[in-house]
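Quick notes on the structure that follows.
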There are 2 protein chains.
Amino acid sequence: MAYTATGLENRSDMAANRRVTIRDVAERAGVSVATASRVLSGNYAVPQATRTRVLRAAQALDYVANAHARALVGGGRKMVAVLVRQVTSPFYAHVAEGVEAEAAAHGWLCLVGTTGGEPQRELEFVQLMREEGARLVILVGGVVEDDTYRGRVAQYAQALNASGARLVLCGRPAPGPDIPALVVEFDNEAGARAITGHLLSAGHRRIVFLGGLPGNTALDARVAGYRAALAEHRLPPEAAHVIDSGLGREGGERAMAELLKRRRDFTAVFAGDDMVAAGALRAIADAGLRVPDDISVVGYNDIPLAADFNPPLTTVRTPAEELGREAVRIALRTPQDSPSSRHVLGTHIVVRESVAAPPPERTP
Amino acid sequence: MAYTATGLENRSDMAANRRVTIRDVAERAGVSVATASRVLSGNYAVPQATRTRVLRAAQALDYVANAHARALVGGGRKMVAVLVRQVTSPFYAHVAEGVEAEAAAHGWLCLVGTTGGEPQRELEFVQLMREEGARLVILVGGVVEDDTYRGRVAQYAQALNASGARLVLCGRPAPGPDIPALVVEFDNEAGARAITGHLLSAGHRRIVFLGGLPGNTALDARVAGYRAALAEHRLPPEAAHVIDSGLGREGGERAMAELLKRRRDFTAVFAGDDMVAAGALRAIADAGLRVPDDISVVGYNDIPLAADFNPPLTTVRTPAEELGREAVRIALRTPQDSPSSRHVLGTHIVVRESVAAPPPERTP
DNA sequence: GTGAAAGCGCTAACAA
DNA sequence: TTGTTAGCGCTTTCAC
């Protein structure tokens, strides 16, 4: 019923496919566009009588304001854009959801973009967001930190800042001092140190780090934490064994399978993230070994399904949604001209069933 | 280097925070805004000499066009909006990724919104997209199909259609005949029938459907398929046992645990989706039972981590990303005035290790 | 080939 | 209290 009224009425008293404008509303209400605008945008006192007349006309015409026209005259609109590698990765999805939720809570529009890991698309996205007039751009995820990166991101920051927008880097470093960018990240090193310590406390001495990604800031920090924990337990630097298989389930499975074929002189695996851990668990099971009886495994991120792995995975919880929320919160409360700052979010271990004491020494 | 040039130059020769416009570019290039516009929007032949001069000026000023102004004069811009319940659900995330990918491939901008399951936010989102001038709105996910739903969605469809935009419904029914909306969905009934048949072929006769959601079109179709398969195998209607626990890991775990406490006269569980299956597996393990030796379990959707469950889950593969891609493809190739149509995507079973023959009959 | 001018839909002075 | 007017930044006739 509601729909037929609206739909047919539109169709009958206006040209085909012409969007109804504020002019139409004003005309129907018998007022000027200015008056119509005043009641429709609601930031000006208008007497009740005219008010209702305009509102009624707008409703009858099913009027919606043209956001572009508004943005054009009002100087941009409240929009935040998040860019992630892919939304199908649980970690990124949670960050995006956090951003979206916090943005929505403040009445901001949120746009999610994906790069698939290509710096080129990142550049295009930032450019696009400048065109769209996004007031806040959030770039998520670890990166290879080299001069190219620094130059590129510094450029984003300057450009965005020049038009009054703000750049927030999540889990990636600021490109340099005095660059107008905010940074929010987890203390990856501390998290890695803690979970490596957990493995060491259980008695493990030969622990492999699976899923390194040289140059990637997030992974490098985890590797650093891993090495630091080893050192704290007075193990020599050679005790560290990092396999650079990169992230992803597939990589983890392949690298683990290969490693098991070559050597088995390790009793625990620290996977770079939970997806790598999933792959590793699969490979270990396929090799006929049991977790944690034969090999202990830990992951990183505590994705929702980590509790459903076989066995349930002991991992480091990184509150991804909180990261997203915090990114927009910080950006919204930081004045435009304040110095760039860096915020670090804590993490903690979630103990489940993938860690046990190492098996008794096998005779070689 | 690159960044200091840009940043400082902007800062020195223009008022603070004034976005550079086409006027600035024209001025610097020594041409009129009309000429600048012609080369910048690139849809008009301009001699090479002036062309380069304008381009050089634009680059020097780091000019980006104002998308709002463009949209205002050009009549909207290529933007597709997808609305899902939540991006952190693997299924929805894949649909969103499919939409995003296909949109990007066509040079369209993609905006992802989430409802958290609230119809109210759906309404707000559609309204917002009308304001933003989205030319394509995609609503994803099963719904309770009642008169309220039909009225609401019919209204969206009419309104969107009136301004030349298109509505695509993914996995939810059209609100009625002659409503301008496209529908793309999976054949849930066939998928459910097939996997129930798989269970029946393995010898199961007492199969519980866990995770019903009465009124929800997607789940109802699966339940229908489940009943149909039972009937095909000449089982009486009473053989069907549907537990309406709703979707989600938590619900699945709770319902399964409770069911196991009450009765154990079933040998297999058909979970409404993989997340429910994850919860069910957890509850079964906690009850000291084994899958598939004691109870067989199947899921629905084949999320990426289904292979990492304990045991790897036999489930129905629904190509979610393809659903998203297809939604935009269909919308882009369907002319505005063509009749509303419905497209059905096929699904298939993925056999893994969570199904076995039922255990030998226990004496009661 | 290029410029001047009109106008997209809206808001915000400025008048009345 | 309300209407008139001047743009926001851009594209696009229409002249020259």
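Quick note on naming: the chains in the structure tokens go A, B, ... in the order shown, residues restart at 1 in each chain, and ligands are numbered from 1 in order of appearance.
Selected on chain C by distance to chain B: DG1, DT2, DG3, DC8 and DG9 of chain C (within 8 Å, counting only C-alpha atoms (C1' of nucleotides)).
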Requested in this report: as a ChimeraX atom specification, list the residues of range 180-333 of chain A assigned to helix (DSSP H, G or I) by DSSP on the backbone atoms of this structure.
Outcome: /A:188-201,217-232,237-239,249-262,274-286,304-308,320-333
Practice task
For chain D, list the residues within 10 Å of chain B, counting only C-alpha atoms (C1' of nucleotides), and write the list as a PyMOL selection string.
Solution key: chain D and resi 8-12
Now that the selection is made, can you save its residues with N, CA, C and O atoms (P, O5', C5', C4', C3', O3' and C1' of nucleotides) as a CSV table (one decimal), in the first residue's frame?
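Dumped everything to result.csv:
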chain,number,residue,atom,x,y,z
D,8,DC,P,32.5,30.6,-5.4
D,8,DC,O5',32.4,29.1,-4.9
D,8,DC,C5',32.4,28.8,-3.5
D,8,DC,C4',32.0,27.3,-3.4
D,8,DC,C3',32.6,26.5,-4.4
D,8,DC,O3',33.8,25.8,-3.9
D,8,DC,C1',30.3,26.0,-4.2
D,9,DG,P,35.2,26.0,-4.6
D,9,DG,O5',35.0,25.0,-5.8
D,9,DG,C5',34.9,23.6,-5.5
D,9,DG,C4',34.6,22.8,-6.8
D,9,DG,C3',35.6,23.1,-8.0
D,9,DG,O3',36.0,21.8,-8.5
D,9,DG,C1',33.5,23.5,-8.7
D,10,DC,P,37.0,21.7,-9.7
D,10,DC,O5',36.0,21.4,-10.8
D,10,DC,C5',35.3,20.1,-10.8
D,10,DC,C4',34.1,20.2,-11.7
D,10,DC,C3',34.4,20.2,-13.2
D,10,DC,O3',34.4,18.8,-13.7
D,10,DC,C1',32.6,21.6,-12.6
D,11,DT,P,34.8,18.5,-15.2
D,11,DT,O5',33.5,18.8,-16.0
D,11,DT,C5',32.4,18.0,-15.8
D,11,DT,C4',31.2,18.5,-16.7
D,11,DT,C3',31.4,18.4,-18.2
D,11,DT,O3',30.2,17.9,-18.7
D,11,DT,C1',30.8,20.6,-17.6
D,12,DT,P,30.2,17.3,-20.2
D,12,DT,O5',29.3,18.4,-20.9
D,12,DT,C5',28.2,18.9,-20.3
D,12,DT,C4',27.7,20.2,-21.1
D,12,DT,C3',28.0,20.1,-22.6
D,12,DT,O3',26.8,20.6,-23.2
D,12,DT,C1',28.8,22.1,-21.6
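By only C-alpha atoms (C1' of nucleotides), and with residues fewer than 4 positions from range 93-96 of chain A along its chain excluded, the set lying at most 7 Å from it is Val82, Val87, Thr88, Ser89, Glu100, Ala320, Glu321, Leu323 and Gly324 of chain A; Val87 and Thr88 of chain B.
Residue nearest chain B, chosen from A:Thr318, A:Ser296, A:Ser338, A:Ser163 and counting only C-alpha atoms: A:Ser163.
Residues within 12 Å of DT13 in chain D, counting only C-alpha atoms (C1' of nucleotides) and excluding same-chain residues fewer than 3 positions away, are Ala34 of chain B; DA4, DA5, DA6 and DG7 of chain C.
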- Task: Please identify every residue of chain B that has at least one atom no more than 8 Å from any atom of chain A, counting only C-alpha atoms, and report them as a VMD selection string.
- Result: chain B and resid 1 to 4 6 to 7 10 to 11 16 to 19 62 64 to 69 71 to 72 86 to 88 90 93 to 94 96 to 97 100 110 to 114 127 130 to 133 151 to 152 154 to 155 158 to 159 161 to 164 278 282 305 308 to 311
Mind dumping the selected residues with C-alpha atoms as a PDB file, in the first residue's frame?
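Below is the file selection.pdb, written as the result:
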ATOM      1  CA  MET B   1      61.796  14.278  -2.025  1.00  0.00           C
ATOM      2  CA  ALA B   2      58.647  13.969  -4.009  1.00  0.00           C
ATOM      3  CA  TYR B   3      56.576  14.764  -0.991  1.00  0.00           C
ATOM      4  CA  THR B   4      58.435  17.794   0.261  1.00  0.00           C
ATOM      5  CA  THR B   6      54.334  18.942  -3.247  1.00  0.00           C
ATOM      6  CA  GLY B   7      53.663  19.682   0.358  1.00  0.00           C
ATOM      7  CA  ASN B  10      51.039  23.973  -1.726  1.00  0.00           C
ATOM      8  CA  ARG B  11      51.682  25.533   1.585  1.00  0.00           C
ATOM      9  CA  ALA B  16      45.841  27.536   4.009  1.00  0.00           C
ATOM     10  CA  ASN B  17      43.575  24.543   3.433  1.00  0.00           C
ATOM     11  CA  ARG B  18      41.893  25.765   0.319  1.00  0.00           C
ATOM     12  CA  ARG B  19      41.519  22.869  -2.011  1.00  0.00           C
ATOM     13  CA  ASP B  62      48.582  18.296  -7.350  1.00  0.00           C
ATOM     14  CA  VAL B  64      42.306  16.422  -8.008  1.00  0.00           C
ATOM     15  CA  ALA B  65      38.851  17.012  -9.380  1.00  0.00           C
ATOM     16  CA  ASN B  66      35.978  17.559  -7.003  1.00  0.00           C
ATOM     17  CA  ALA B  67      33.827  14.482  -7.423  1.00  0.00           C
ATOM     18  CA  HIS B  68      30.795  16.255  -6.015  1.00  0.00           C
ATOM     19  CA  ALA B  69      30.899  19.047  -8.521  1.00  0.00           C
ATOM     20  CA  ALA B  71      28.488  14.392 -10.059  1.00  0.00           C
ATOM     21  CA  LEU B  72      26.303  17.436  -9.672  1.00  0.00           C
ATOM     22  CA  GLN B  86      28.108  -7.907   8.837  1.00  0.00           C
ATOM     23  CA  VAL B  87      31.423  -8.004   7.021  1.00  0.00           C
ATOM     24  CA  THR B  88      32.937 -10.261   9.627  1.00  0.00           C
ATOM     25  CA  PRO B  90      32.840 -15.093   5.991  1.00  0.00           C
ATOM     26  CA  ALA B  93      32.566 -10.873   3.289  1.00  0.00           C
ATOM     27  CA  HIS B  94      32.948 -12.957   0.171  1.00  0.00           C
ATOM     28  CA  ALA B  96      31.084  -8.047  -0.667  1.00  0.00           C
ATOM     29  CA  GLU B  97      34.469  -8.872  -2.130  1.00  0.00           C
ATOM     30  CA  GLU B 100      33.821  -4.862  -4.992  1.00  0.00           C
ATOM     31  CA  CYS B 110      31.904   0.447  -4.251  1.00  0.00           C
ATOM     32  CA  LEU B 111      30.500   1.267  -0.874  1.00  0.00           C
ATOM     33  CA  VAL B 112      29.948  -1.426   1.739  1.00  0.00           C
ATOM     34  CA  GLY B 113      27.436  -0.953   4.514  1.00  0.00           C
ATOM     35  CA  THR B 114      26.387  -3.153   7.405  1.00  0.00           C
ATOM     36  CA  GLN B 127      17.865   6.430   1.857  1.00  0.00           C
ATOM     37  CA  ARG B 130      19.579   7.662  -2.784  1.00  0.00           C
ATOM     38  CA  GLU B 131      21.080  10.879  -1.489  1.00  0.00           C
ATOM     39  CA  GLU B 132      24.526   9.840  -2.626  1.00  0.00           C
ATOM     40  CA  GLY B 133      23.183   8.997  -6.016  1.00  0.00           C
ATOM     41  CA  GLY B 151       6.151  -3.276   1.422  1.00  0.00           C
ATOM     42  CA  ARG B 152       9.497  -1.944   2.500  1.00  0.00           C
ATOM     43  CA  ALA B 154       8.915  -2.608  -2.932  1.00  0.00           C
ATOM     44  CA  GLN B 155       9.255   0.954  -1.775  1.00  0.00           C
ATOM     45  CA  GLN B 158      10.190   2.059  -6.730  1.00  0.00           C
ATOM     46  CA  ALA B 159      12.172   4.919  -5.291  1.00  0.00           C
ATOM     47  CA  ASN B 161      13.944   3.024 -10.033  1.00  0.00           C
ATOM     48  CA  ALA B 162      12.338   6.447 -10.176  1.00  0.00           C
ATOM     49  CA  SER B 163      15.756   8.081 -10.093  1.00  0.00           C
ATOM     50  CA  GLY B 164      17.268   5.712 -12.599  1.00  0.00           C
ATOM     51  CA  ALA B 278      31.448 -25.103  14.146  1.00  0.00           C
ATOM     52  CA  ARG B 282      32.474 -27.980  19.713  1.00  0.00           C
ATOM     53  CA  LEU B 305      38.133 -22.483   7.224  1.00  0.00           C
ATOM     54  CA  ASP B 308      40.248 -26.729   9.176  1.00  0.00           C
ATOM     55  CA  PHE B 309      37.471 -27.762  11.491  1.00  0.00           C
ATOM     56  CA  ASN B 310      37.835 -30.878  13.542  1.00  0.00           C
ATOM     57  CA  PRO B 311      37.182 -32.938  11.544  1.00  0.00           C
TER      58      PRO B 311
END
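Close contacts of Ser340 in chain B, defined as residues with an atom at most 12 Å away when counting only C-alpha atoms (C1' of nucleotides), with chain neighbours fewer than 6 positions off set aside, comprise Ala157, Asn161, Arg166, Leu167, Val168, Leu169, Pro173, Ala174, Pro175, Gly176, Pro177, Asp178, Ile179, Pro180, Ala181, Leu182, Val183, Val184, Ile330, Ala331 and Thr334 of chain B.
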Expressed in Å, the length from CA of Leu83 in chain B to CA of Gly141 in chain B is 8.9 Å
Strand (DSSP E) call set, DSSP backbone run, range 7-220 of chain A, as a PyMOL selection string
chain A and resi 79-84+109-114+136-140+166-170+181-186+207-210
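Taking CA of Gly215 in chain B and CA of Ser354 in chain B as endpoints, the distance between them is 28.7 Å.
Taking CA of Leu313 in chain B as the reference point, CA of Ala287 in chain A is found at 19.4 Å.
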Dump as CSV the rows for residues of chain C within 9 Å of range 1-7 of chain D: closest atom pair and distance in Å with one decimal, only C-alpha atoms (C1' of nucleotides) counted, ordered by chain and rising residue number.
residue,atom,partner,partner_atom,distance
C:DA13,C1',D:DA6,C1',8.4
C:DC14,C1',D:DT5,C1',8.3
C:DA15,C1',D:DT4,C1',7.7
C:DA16,C1',D:DG3,C1',8.0
